[in-house]
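Asker: Supplied in C-alpha cells, the structure appears directly below.
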Amino acid sequence: MQADYSVELGPDDPALEFPWAAEDGSGHGGVRYFNVKQHPDLVLNIPEARRHPELSEFLSRINASGFPLETAKCDAWFSSELFPEEEIFGAACKFVCYVDLLFSADAPRLSFEEHESLAQNVCTLLKRAPEMAAAAEFVIRRCYYHGDGRQDDSVDGFSITSYVTGYGDTQEEALQCWAIALKLLQHALVQICN
C-alpha cells in the first residue's frame, strides 16, 4: 500500500475551521459538524457514514471515548478520472474518501511536531502492509479552533486531512480495496495512539 504525507501551510492553502457549518442557501443551514466524540449516535446523521458502513465504523473508532483523536469532516466518492501518478495501479476507476483528523487535547492541536510525527508514523506502518491497489495520503493543514464555536474567538493550530483511495477495474473492486485500506489506516492509528 502506498502512503505519504505533505504539508500545506501557505496563505492560499485550504484550512479547516473547527467546529464548522456550511450554509445550503435555504436559510435552514446545510451540512455541519457533528460532535461524534461526545455523542457517538450522531454518526448516523453523517450521510457518507450511512452510505458506507466501513466509514461509519472508522469514524466511530477514531471518535471513541478516551482515544486521543477525533474527526471533523469527511466525504466519499467514486471516480473514473485518474491522475497520471495513479496510472501505476493499472486501474480503470477509484473510490476515495477523506477524513479530517484532529487531536482531542489542546496542546497537541497547536503542535506542528505532533502532527508531523503522527503522519510519519502512520505512513511507516501503512507502507509495511501487503502490496495492494490502494493509497493513503495525509496533508497537514492549518486549523482554526473556535472557542465555544465563535469565529471571533479562535486559536491557530493544525489538523491532518487523510485521503484513502482504493483502485480497481470496476466500482465494486475499487470499493473493496478502499474498505481494506481504510481498515488498515484504522488499525495503524490505534496502534500508534495506544
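Residues in the C-alpha cells are numbered from 1 in each chain, the chains being A, B, ... in the order shown, and ligands are numbered from 1 in the order shown.
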So that I can see what lies close to stretch 104-121 of chain A, please list as a CSV table (one decimal) with C-alpha atoms, in the first residue's frame the residues with an atom at most 9 Å from it, counting only C-alpha atoms and leaving out residues fewer than 4 positions away in the same chain.
Answerer:
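result-v4.csv was written with the following content:
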chain,number,residue,atom,x,y,z
A,4,ASP,CA,2.9,9.5,2.0
A,5,TYR,CA,2.3,12.9,3.7
A,6,SER,CA,2.7,16.5,2.8
A,7,VAL,CA,2.5,19.9,4.4
A,37,LYS,CA,-16.7,12.2,20.1
A,67,PHE,CA,-9.0,7.9,22.1
A,68,PRO,CA,-6.7,10.9,21.6
A,69,LEU,CA,-8.0,11.7,18.1
A,70,GLU,CA,-11.4,12.8,16.7
A,125,LEU,CA,3.1,1.4,9.3
A,126,LEU,CA,1.0,1.5,6.2
A,138,PHE,CA,-2.0,12.7,4.7
A,139,VAL,CA,-1.9,16.5,4.4
A,140,ILE,CA,-1.0,18.6,7.4
A,143,CYS,CA,-6.8,24.6,11.6
A,145,TYR,CA,-10.1,26.2,16.6
A,155,VAL,CA,-6.7,29.7,18.1
A,156,ASP,CA,-4.4,28.8,15.2
A,157,GLY,CA,-3.4,25.1,15.2
A,158,PHE,CA,-3.2,22.1,12.9
A,159,SER,CA,-5.2,19.2,11.5
A,160,ILE,CA,-4.5,16.3,9.2
A,188,ALA,CA,-2.4,1.9,12.3
A,189,LEU,CA,-3.9,4.9,14.1
A,192,ILE,CA,0.2,4.5,17.2
A,193,CYS,CA,-2.1,6.2,19.6
Asker: Given only C-alpha atoms as the basis, pick out the residue of A:Val36, A:Leu42, A:Leu82, A:Ile88 nearest to A:Arg61.
Answerer: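 For A:Arg61, the nearest of the given residues is A:Val36.
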Asker: Excluding same-chain residues fewer than 6 positions from A:Glu81, what lies within 10 Å of it counting only C-alpha atoms, as a PyMOL selection string?
Answerer: chain A and resi 92-94
Asker: What are the DSSP strand (DSSP E or B) residues of stretch 62-152 of chain A, as a PyMOL selection string?
Answerer: chain A and resi 69-79+93-103+134-146
Asker: Residues at most 10 Å from A:Gly168, counting only C-alpha atoms, excluding those fewer than 6 positions away in the same chain, as JSON, numbers by chain?
Answerer: {"A": [80, 89, 90, 91, 92, 93, 94, 95, 133, 134, 174, 175, 176, 177, 178]}
Asker: Which polymer residues have any atom within 8 Å of an atom of A:Ala72, counting only C-alpha atoms, with same-chain residues fewer than 5 positions away left out, as a list in words?
Answerer: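 Result of the neighbour search: Phe18, Pro19, Tyr33, Phe34, Asn35, Val99, Asp100, Leu101 and Leu102 of chain A.
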Asker: Put those residues in a file: C-alpha atoms, as an mmCIF file, in the first residue's frame.
Answerer:
data_model
loop_
_atom_site.group_PDB
_atom_site.id
_atom_site.type_symbol
_atom_site.label_atom_id
_atom_site.label_comp_id
_atom_site.auth_asym_id
_atom_site.auth_seq_id
_atom_site.Cartn_x
_atom_site.Cartn_y
_atom_site.Cartn_z
ATOM 1 C CA PHE A 18 -13.460 23.815 13.806
ATOM 2 C CA PRO A 19 -16.279 23.454 14.534
ATOM 3 C CA TYR A 33 -20.102 19.314 12.102
ATOM 4 C CA PHE A 34 -21.446 16.582 14.343
ATOM 5 C CA ASN A 35 -19.595 16.010 17.610
ATOM 6 C CA VAL A 99 -11.434 12.375 6.862
ATOM 7 C CA ASP A 100 -10.107 15.378 8.759
ATOM 8 C CA LEU A 101 -8.304 14.166 11.883
ATOM 9 C CA LEU A 102 -7.748 16.303 14.983
#
Asker: Could you please write out, as a list in words, every residue of stretch 120-179 of chain A that DSSP assigns to helix (DSSP H, G or I)?
Answerer: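 Selecting the helix (DSSP H, G or I) positions of stretch 120-179 of chain A gives Gln120, Asn121, Val122, Cys123, Thr124, Leu125, Leu126, Lys127, Gly147, Asp148, Gly149, Gln171, Glu172, Glu173, Ala174, Leu175, Gln176, Cys177, Trp178 and Ala179 of chain A.
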Asker: Include C-alpha atoms and write out the residues we just selected as a JSON list (two decimals), in the first residue's frame.
Answerer:
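Wrote part_29.json, looks like this:
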[["chain", "number", "residue", "atom", "x", "y", "z"],
["A", 120, "GLN", "CA", 5.25, 9.97, 9.61],
["A", 121, "ASN", "CA", 4.42, 7.09, 11.94],
["A", 122, "VAL", "CA", 1.17, 6.17, 10.19],
["A", 123, "CYS", "CA", 2.93, 6.23, 6.78],
["A", 124, "THR", "CA", 5.67, 3.96, 8.11],
["A", 125, "LEU", "CA", 3.11, 1.42, 9.33],
["A", 126, "LEU", "CA", 0.97, 1.53, 6.19],
["A", 127, "LYS", "CA", 3.99, 1.02, 3.92],
["A", 147, "GLY", "CA", -13.72, 28.68, 21.31],
["A", 148, "ASP", "CA", -17.38, 27.95, 22.08],
["A", 149, "GLY", "CA", -17.96, 27.75, 18.31],
["A", 171, "GLN", "CA", -16.57, 0.23, -8.91],
["A", 172, "GLU", "CA", -17.02, -2.85, -6.69],
["A", 173, "GLU", "CA", -13.31, -3.72, -6.92],
["A", 174, "ALA", "CA", -12.27, -0.14, -6.10],
["A", 175, "LEU", "CA", -14.71, -0.05, -3.17],
["A", 176, "GLN", "CA", -13.31, -3.33, -1.81],
["A", 177, "CYS", "CA", -9.69, -2.07, -1.99],
["A", 178, "TRP", "CA", -10.76, 1.18, -0.32],
["A", 179, "ALA", "CA", -12.51, -0.67, 2.51]]
Asker: Considering only C-alpha atoms, return as number ranges by chain whatever protein or nucleic-acid residues lie within 12 Å of A:Arg50, sequence-local ones (same chain, fewer than 6 positions apart) excluded.
Answerer: A: 41-44, 56-57, 59, 75-76
Asker: Looking at only C-alpha atoms, which of A:Gln186, A:Ser60, A:Gln2, A:Asn45 is the one that sits closest to A:Glu85?
Answerer: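 When distances to A:Glu85 are compared using only C-alpha atoms, the smallest one comes from A:Gln2.
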Asker: For a quick check of understanding, using only C-alpha atoms, which of A:Leu185, A:Met1, A:Pro47, A:Cys97 has the smallest distance to A:Ser79?
Answerer: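 Closest candidate: A:Cys97.
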Asker: Using Å and a single decimal, report how far atom CA of A:Ile46 sits from atom CA of A:Phe78.
Answerer: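 Separation of atom CA of A:Phe78 and atom CA of A:Ile46: 17.6 Å.
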Asker: Quick one: residues within 10 Å of A:Asp13, only C-alpha atoms, excluding same-chain residues fewer than 5 positions away - as a list in words?
Answerer: Val7, Glu8, Arg141 and Arg142 of chain A
Asker: Work out how far apart atom CA of A:Glu86 and atom CA of A:Asp169 are and give it in Å to one decimal.
Answerer: 13.0 Å
